[in-house]
Amino acid sequence: MSTIGDFNTSRECFDLRREELEVLESIYPDFISNDISKGSIKFEIPVELGDLNQVLVKDAAHIGHPVSNVISLTLSLLPPLLVHVVLPETYPLQAPPEILSIRASHAWILDTSRLRDLIVEMWDTRAGEGVLCDMVEFIRSGAFLNVLGMVKDRQSLLIQHNTPQLLAPLLTSFETSTRSREFSQNSYSCSICITSLKGSKCLQLSCKHIFCRCCLQDFWGLCITEGDVLRVGCPDPQCVKEGRQANEEEVARAVSEEAVTRWRWLKEKSMMEKDPSISICPMVLCQKPVPKPHITDGEESGWHRLRTCTSCSYSFCSFCKRTWHGPVAACPISAYETLVLDYLALPEDSPGRKIIENRFGRSIVAKMVVAYQEEQAFKQWLANSSTPCPGCKVHIEKSLGCNHMVCSKCKQHFCYRCGSRLSATSPYQHFSIPGSRCFNKLFDYSSEEDEWQPIEGFHAL
């Protein structure tokens, strides 16, 4: 009788296992990684977090410390648990499933022994029923995380790991690749052409709206060609009202590289028009916009003129566009002469003057105007009261004496009246040429009014 009873039990267990495996394959076909006909099953079960979007990755070596290195991530999916299960012949009526191994991908769970015990306890509470589907759902839904004490304050998930700085990017990369793979396999309807296409032919923007690549390529390409860069964004009516623009990664996935280059240039141009304090890098091969630094010392310090290009690391002065010469040294007047002339040509309190003042600072522009006017006055004085040496161009002022001059710097002989070079051996010949403007002008005689006048009482002496 016992033999017949054992046979009937074995037969019943076989039928229950087969039925459970068929249900398992129909519900979770993507989680089974091998042929289950021989009773050995390998699962790869990803863990969905649901409302637990915040994941804290903490160094296990410093878990007891009040302050330790914690990396915060926003995730909805964790790498799968690899579960190897063997079903005994008397499963599920008399024996639980045998868990050969449980391992987490990237080892985001260090100790899985407690999870193994939970699966066995699950079979104990259901005496004689299959638990494989419940086991898969228990892991997939992330319910086991709460039992293991990994959920903190019902809001965040705490993962302890020996090297959190290495685990964090692996977790982020897994979710990104998984979501991308799922997106490419499903079909979506484009809101522009109302056509249903595979995800590989579509593009999901950061606002979660989905459009086919062809429609975005045509729409964005036309906007970029026409220079209307502000319209390169999500075509959804709500996003259009909010003015949501596409980022560079989205644009690069929809249009050509040439269009991306032009879009980037238009964005920089638009940014400069909005912020007059932005300067363009003077390096010919760069030409990138450089924003004004945040300086708290005020305009008087001179550091506000410093600009450092983030693209080529070139440091330059925002006024003269030359290599940075320090906060104290003044810019050459020739470097900003055009700016001052443009500023002076505009009416007072005009919008054009305000733009220049906003870009460089009102006090700085005022100083440049004063410096320019002083420089012009000095040049006028030099032209009226001195003569440049024809050799070294040093200006020389004569107080008295003859017009034959010898430069103290380069020893050049020249005429103070006309600036002509003179022969060192016969310098006075220049003043003896009839018909020339300097003929008999070795000395400049003044009128009698300018002559010396004796002081009062001089004749009484």
# chains A, B, ... in the order shown; residues from 1 in each chain; ligands from 1
>>> residues_around(residues="stretch 273-280 of chain A", least_positions_apart="2", cutoff="8 Å", atoms="only C-alpha atoms", output="number ranges by chain")
A: 269-271, 282, 287-292, 307, 318, 355-356, 358-360
>>> write_last_selection(atoms="all heavy atoms", output="compact mmCIF listing (two decimals), in the first residue's frame")
# COMPACT_ATOMS: atom_id res chain seq x y z
N LYS A 269 24.33 82.89 -29.24
CA LYS A 269 23.99 84.24 -29.70
C LYS A 269 22.78 84.77 -28.93
O LYS A 269 22.75 85.94 -28.52
CB LYS A 269 23.70 84.22 -31.20
CG LYS A 269 23.38 85.57 -31.82
CD LYS A 269 23.26 85.43 -33.32
CE LYS A 269 22.91 86.77 -33.96
NZ LYS A 269 21.55 87.21 -33.63
N SER A 270 21.79 83.92 -28.75
CA SER A 270 20.60 84.32 -27.99
C SER A 270 20.95 84.62 -26.54
O SER A 270 20.43 85.58 -25.95
CB SER A 270 19.55 83.22 -28.07
OG SER A 270 18.43 83.52 -27.27
N MET A 271 21.84 83.84 -25.96
CA MET A 271 22.25 84.05 -24.59
C MET A 271 22.99 85.38 -24.44
O MET A 271 22.81 86.10 -23.45
CB MET A 271 23.14 82.90 -24.12
CG MET A 271 23.59 82.98 -22.68
SD MET A 271 24.43 81.49 -22.12
CE MET A 271 25.78 81.39 -23.32
N PRO A 282 38.44 85.82 -27.19
CA PRO A 282 39.13 86.41 -28.34
C PRO A 282 39.97 85.42 -29.14
O PRO A 282 40.47 85.79 -30.20
CB PRO A 282 40.01 87.48 -27.70
CG PRO A 282 40.24 87.01 -26.31
CD PRO A 282 39.00 86.27 -25.90
N GLN A 287 36.17 81.29 -29.69
CA GLN A 287 35.02 82.17 -29.88
C GLN A 287 33.80 81.75 -29.05
O GLN A 287 32.65 81.95 -29.45
CB GLN A 287 34.61 82.22 -31.36
CG GLN A 287 35.70 82.74 -32.29
CD GLN A 287 35.93 84.23 -32.13
OE1 GLN A 287 35.02 85.03 -32.34
NE2 GLN A 287 37.13 84.60 -31.77
N LYS A 288 34.04 81.16 -27.87
CA LYS A 288 32.94 80.73 -27.01
C LYS A 288 32.52 81.89 -26.10
O LYS A 288 33.32 82.73 -25.72
CB LYS A 288 33.37 79.53 -26.16
CG LYS A 288 33.70 78.29 -26.97
CD LYS A 288 32.48 77.75 -27.68
CE LYS A 288 32.81 76.48 -28.44
NZ LYS A 288 31.65 75.96 -29.17
N PRO A 289 31.22 81.93 -25.72
CA PRO A 289 30.78 82.97 -24.78
C PRO A 289 31.32 82.70 -23.38
O PRO A 289 31.32 81.56 -22.91
CB PRO A 289 29.26 82.86 -24.84
CG PRO A 289 28.99 81.46 -25.26
CD PRO A 289 30.11 81.08 -26.18
N VAL A 290 31.77 83.76 -22.73
CA VAL A 290 32.34 83.64 -21.38
C VAL A 290 31.52 84.53 -20.46
O VAL A 290 31.49 85.75 -20.64
CB VAL A 290 33.82 84.06 -21.35
CG1 VAL A 290 34.40 83.88 -19.96
CG2 VAL A 290 34.62 83.26 -22.38
N PRO A 291 30.83 83.96 -19.47
CA PRO A 291 30.01 84.79 -18.58
C PRO A 291 30.85 85.61 -17.61
O PRO A 291 32.02 85.31 -17.36
CB PRO A 291 29.16 83.75 -17.83
CG PRO A 291 30.01 82.50 -17.86
CD PRO A 291 30.75 82.54 -19.17
N LYS A 292 30.22 86.63 -17.07
CA LYS A 292 30.88 87.48 -16.09
C LYS A 292 31.02 86.74 -14.76
O LYS A 292 30.05 86.14 -14.30
CB LYS A 292 30.08 88.77 -15.90
CG LYS A 292 30.72 89.78 -14.97
CD LYS A 292 29.87 91.03 -14.89
CE LYS A 292 30.51 92.07 -13.97
NZ LYS A 292 29.70 93.31 -13.90
N ARG A 307 38.14 87.47 -17.34
CA ARG A 307 37.30 86.44 -17.92
C ARG A 307 38.18 85.22 -18.21
O ARG A 307 39.29 85.36 -18.75
CB ARG A 307 36.65 86.90 -19.24
CG ARG A 307 35.73 88.10 -19.10
CD ARG A 307 34.47 87.78 -18.36
NE ARG A 307 33.54 88.88 -18.40
CZ ARG A 307 33.53 89.89 -17.56
NH1 ARG A 307 34.45 89.94 -16.60
NH2 ARG A 307 32.64 90.87 -17.67
N SER A 318 38.18 91.69 -20.22
CA SER A 318 36.93 91.88 -20.96
C SER A 318 36.89 93.21 -21.69
O SER A 318 36.06 93.39 -22.60
CB SER A 318 35.74 91.78 -20.01
OG SER A 318 35.80 92.80 -19.02
N ILE A 355 23.02 100.00 -22.37
CA ILE A 355 23.51 98.66 -22.70
C ILE A 355 25.01 98.56 -22.43
O ILE A 355 25.50 97.59 -21.84
CB ILE A 355 23.18 98.31 -24.16
CG1 ILE A 355 21.67 98.14 -24.34
CG2 ILE A 355 23.92 97.04 -24.59
CD1 ILE A 355 21.24 97.88 -25.76
N ILE A 356 25.75 99.58 -22.86
CA ILE A 356 27.20 99.59 -22.63
C ILE A 356 27.51 99.67 -21.14
O ILE A 356 28.41 98.98 -20.64
CB ILE A 356 27.85 100.76 -23.39
CG1 ILE A 356 27.66 100.58 -24.90
CG2 ILE A 356 29.34 100.87 -23.05
CD1 ILE A 356 28.20 101.73 -25.73
N ASN A 358 25.60 98.60 -18.67
CA ASN A 358 25.25 97.32 -18.04
C ASN A 358 26.30 96.25 -18.32
O ASN A 358 26.53 95.36 -17.50
CB ASN A 358 23.89 96.85 -18.53
CG ASN A 358 22.75 97.72 -18.01
OD1 ASN A 358 22.89 98.37 -16.98
ND2 ASN A 358 21.65 97.75 -18.74
N ARG A 359 26.91 96.35 -19.47
CA ARG A 359 27.89 95.32 -19.84
C ARG A 359 29.21 95.50 -19.12
O ARG A 359 29.81 94.53 -18.65
CB ARG A 359 28.10 95.35 -21.35
CG ARG A 359 29.08 94.28 -21.84
CD ARG A 359 29.14 94.24 -23.35
NE ARG A 359 30.00 93.17 -23.81
CZ ARG A 359 30.23 92.90 -25.10
NH1 ARG A 359 29.66 93.63 -26.03
NH2 ARG A 359 31.03 91.92 -25.43
N PHE A 360 29.68 96.76 -19.02
CA PHE A 360 31.01 97.01 -18.45
C PHE A 360 30.96 97.68 -17.08
O PHE A 360 31.98 97.71 -16.39
CB PHE A 360 31.84 97.88 -19.41
CG PHE A 360 32.10 97.24 -20.73
CD1 PHE A 360 31.38 97.61 -21.85
CD2 PHE A 360 33.06 96.25 -20.86
CE1 PHE A 360 31.62 97.02 -23.08
CE2 PHE A 360 33.31 95.66 -22.09
CZ PHE A 360 32.58 96.05 -23.20
>>> residues_around(residues="stretch 159-176 of chain A", least_positions_apart="3", cutoff="8 Å", atoms="only C-alpha atoms", output="PyMOL selection string")
chain A and resi 55-61+63+70-71+73+75-79+106+108-110+150+179-180
>>> residues_around(residues="stretch 207-209 of chain A", least_positions_apart="6", cutoff="10 Å", atoms="only C-alpha atoms", output="mmCIF file with all heavy atoms, in the first residue's frame")
data_model
loop_
_atom_site.group_PDB
_atom_site.id
_atom_site.type_symbol
_atom_site.label_atom_id
_atom_site.label_comp_id
_atom_site.auth_asym_id
_atom_site.auth_seq_id
_atom_site.Cartn_x
_atom_site.Cartn_y
_atom_site.Cartn_z
ATOM 1 N N CYS A 190 2.884 58.870 -32.378
ATOM 2 C CA CYS A 190 3.460 60.208 -32.500
ATOM 3 C C CYS A 190 2.322 61.235 -32.499
ATOM 4 O O CYS A 190 1.357 61.103 -33.268
ATOM 5 C CB CYS A 190 4.288 60.327 -33.775
ATOM 6 S SG CYS A 190 4.916 61.988 -34.113
ATOM 7 N N SER A 191 2.446 62.262 -31.665
ATOM 8 C CA SER A 191 1.392 63.275 -31.556
ATOM 9 C C SER A 191 1.358 64.224 -32.748
ATOM 10 O O SER A 191 0.407 65.000 -32.889
ATOM 11 C CB SER A 191 1.584 64.083 -30.263
ATOM 12 O OG SER A 191 1.561 63.242 -29.132
ATOM 13 N N CYS A 234 9.866 70.900 -27.149
ATOM 14 C CA CYS A 234 8.765 69.939 -27.209
ATOM 15 C C CYS A 234 7.585 70.570 -27.941
ATOM 16 O O CYS A 234 7.121 71.654 -27.562
ATOM 17 C CB CYS A 234 8.360 69.512 -25.804
ATOM 18 S SG CYS A 234 6.964 68.368 -25.783
ATOM 19 N N PRO A 235 7.037 69.912 -28.983
ATOM 20 C CA PRO A 235 5.904 70.477 -29.732
ATOM 21 C C PRO A 235 4.568 70.328 -29.021
ATOM 22 O O PRO A 235 3.551 70.810 -29.531
ATOM 23 C CB PRO A 235 5.908 69.667 -31.046
ATOM 24 C CG PRO A 235 7.214 68.942 -31.077
ATOM 25 C CD PRO A 235 7.587 68.719 -29.653
ATOM 26 N N ASP A 236 4.531 69.655 -27.879
ATOM 27 C CA ASP A 236 3.278 69.509 -27.162
ATOM 28 C C ASP A 236 2.750 70.890 -26.759
ATOM 29 O O ASP A 236 3.513 71.747 -26.309
ATOM 30 C CB ASP A 236 3.483 68.649 -25.918
ATOM 31 C CG ASP A 236 2.184 68.379 -25.174
ATOM 32 O OD1 ASP A 236 1.446 67.475 -25.595
ATOM 33 O OD2 ASP A 236 1.911 69.096 -24.189
ATOM 34 N N CYS A 239 3.777 72.177 -23.305
ATOM 35 C CA CYS A 239 5.195 72.525 -23.231
ATOM 36 C C CYS A 239 5.503 73.791 -24.025
ATOM 37 O O CYS A 239 6.396 74.550 -23.661
ATOM 38 C CB CYS A 239 6.054 71.361 -23.716
ATOM 39 S SG CYS A 239 6.085 69.947 -22.583
ATOM 40 N N ARG A 244 9.239 75.294 -22.928
ATOM 41 C CA ARG A 244 10.257 74.274 -22.682
ATOM 42 C C ARG A 244 11.096 74.030 -23.935
ATOM 43 O O ARG A 244 10.556 73.715 -24.987
ATOM 44 C CB ARG A 244 9.611 72.962 -22.241
ATOM 45 C CG ARG A 244 10.638 71.930 -21.852
ATOM 46 C CD ARG A 244 10.099 70.514 -21.961
ATOM 47 N NE ARG A 244 11.200 69.579 -21.881
ATOM 48 C CZ ARG A 244 11.942 69.217 -22.903
ATOM 49 N NH1 ARG A 244 11.722 69.722 -24.099
ATOM 50 N NH2 ARG A 244 12.943 68.357 -22.756
ATOM 51 N N ALA A 246 14.489 72.120 -25.925
ATOM 52 C CA ALA A 246 15.212 70.847 -25.943
ATOM 53 C C ALA A 246 16.659 71.061 -25.515
ATOM 54 O O ALA A 246 17.241 72.129 -25.747
ATOM 55 C CB ALA A 246 15.164 70.232 -27.339
#
>>> select_by_dssp(residues="stretch 115-354 of chain A", states="helix (DSSP H, G or I)", output="PyMOL selection string")
chain A and resi 115-124+132-140+143-147+164-185+199-201+213-226+229-231+237-242+248-252+257-274+299-301+303-305+333-345+351-354
>>> residues_around(residues="A:Lys201", least_positions_apart="3", cutoff="12 Å", atoms="only C-alpha atoms", output="JSON, numbers by chain")
{"A": [183, 184, 185, 186, 187, 188, 189, 190, 195, 196, 197, 198, 204, 210, 211, 212, 213, 214, 215, 216, 217, 253, 254]}
>>> write_last_selection(atoms="C-alpha atoms", output="compact mmCIF listing (two decimals), in the first residue's frame")
# COMPACT_ATOMS: atom_id res chain seq x y z
CA PHE A 183 11.26 51.77 -24.78
CA SER A 184 12.72 50.50 -28.05
CA GLN A 185 10.65 47.30 -27.93
CA ASN A 186 7.25 48.95 -27.38
CA SER A 187 5.12 50.90 -29.87
CA TYR A 188 4.08 54.53 -29.42
CA SER A 189 1.86 57.02 -31.22
CA CYS A 190 3.46 60.21 -32.50
CA THR A 195 1.40 57.22 -36.57
CA SER A 196 2.16 54.24 -34.33
CA LEU A 197 5.84 53.33 -34.48
CA LYS A 198 8.34 51.25 -32.55
CA GLN A 204 11.09 60.49 -25.68
CA ILE A 210 7.03 61.01 -27.33
CA PHE A 211 7.37 61.90 -31.02
CA CYS A 212 8.76 60.07 -34.03
CA ARG A 213 12.27 61.04 -35.05
CA CYS A 214 11.23 62.03 -38.60
CA CYS A 215 8.75 64.65 -37.34
CA LEU A 216 11.24 66.11 -34.88
CA GLN A 217 13.95 66.15 -37.52
CA ARG A 253 19.50 62.52 -31.52
CA ALA A 254 17.08 64.14 -33.98
>>> select_by_dssp(residues="stretch 108-299 of chain A", states="strand (DSSP E or B)", output="list in words")
Val151, Lys152, Ser156, Leu157, Leu158, Ile159, Gln160, His161, Ser187, Tyr188, Ser189, Ser196, Leu197, Lys198, Cys202, Leu203, Gln204, Ile210, Phe211, Cys212, Gly233, Gln245, Ser279, Ile280, Pro289 and Val290 of chain A
>>> residues_around(residues="A:Arg18", least_positions_apart="2", cutoff="12 Å", atoms="only C-alpha atoms", output="list in words")
Arg11, Glu12, Cys13, Phe14, Asp15, Leu16, Glu20, Leu21, Glu22, Val23, Leu24, Glu25, Ile36, Ser37, Lys38, Gly39, Leu87, Glu89, Tyr91, Pro92, Gly130 and Leu132 of chain A
>>> closest_residue(among="A:Thr225, A:Thr9, A:Ser101, A:Ser420", to="A:Val86", atoms="only C-alpha atoms")
A:Ser101
>>> atom_distance(atom1="atom CA of A:Leu341", atom2="atom CA of A:Lys379")
16.3 Å
>>> atom_distance(atom1="atom CA of A:Leu422", atom2="atom CA of A:Leu400")
19.1 Å
>>> residues_around(residues="A:Met135", least_positions_apart="5", cutoff="9 Å", atoms="only C-alpha atoms", output="PyMOL selection string")
chain A and resi 119+122+140
>>> write_last_selection(atoms="N, CA, C and O atoms", output="PDB file, in the first residue's frame")
ATOM      1  N   ILE A 119      12.047  32.589   1.883  1.00  0.00           N
ATOM      2  CA  ILE A 119      11.392  31.774   0.853  1.00  0.00           C
ATOM      3  C   ILE A 119      10.979  30.425   1.432  1.00  0.00           C
ATOM      4  O   ILE A 119       9.885  29.916   1.136  1.00  0.00           O
ATOM      5  N   MET A 122       7.992  30.895   3.526  1.00  0.00           N
ATOM      6  CA  MET A 122       6.822  31.096   2.684  1.00  0.00           C
ATOM      7  C   MET A 122       6.172  29.759   2.339  1.00  0.00           C
ATOM      8  O   MET A 122       4.934  29.622   2.331  1.00  0.00           O
ATOM      9  N   ARG A 140      10.233  40.701  -7.146  1.00  0.00           N
ATOM     10  CA  ARG A 140      10.022  41.709  -8.185  1.00  0.00           C
ATOM     11  C   ARG A 140       9.421  42.998  -7.626  1.00  0.00           C
ATOM     12  O   ARG A 140       9.827  44.111  -8.000  1.00  0.00           O
TER      13      ARG A 140
END
>>> atom_distance(atom1="atom CA of A:Trp303", atom2="atom CA of A:Pro327")
5.2 Å
>>> closest_residue(among="A:Val370, A:Ala95, A:Cys331, A:Ala143", to="A:Glu121", atoms="only C-alpha atoms")
A:Ala95
>>> closest_residue(among="A:Leu49, A:Cys309, A:Ile139, A:Leu100", to="A:Leu81", atoms="only C-alpha atoms")
A:Ile139
>>> closest_residue(among="A:Ile194, A:Val131, A:Leu339, A:Ile45", to="A:Met368", atoms="only C-alpha atoms")
A:Leu339
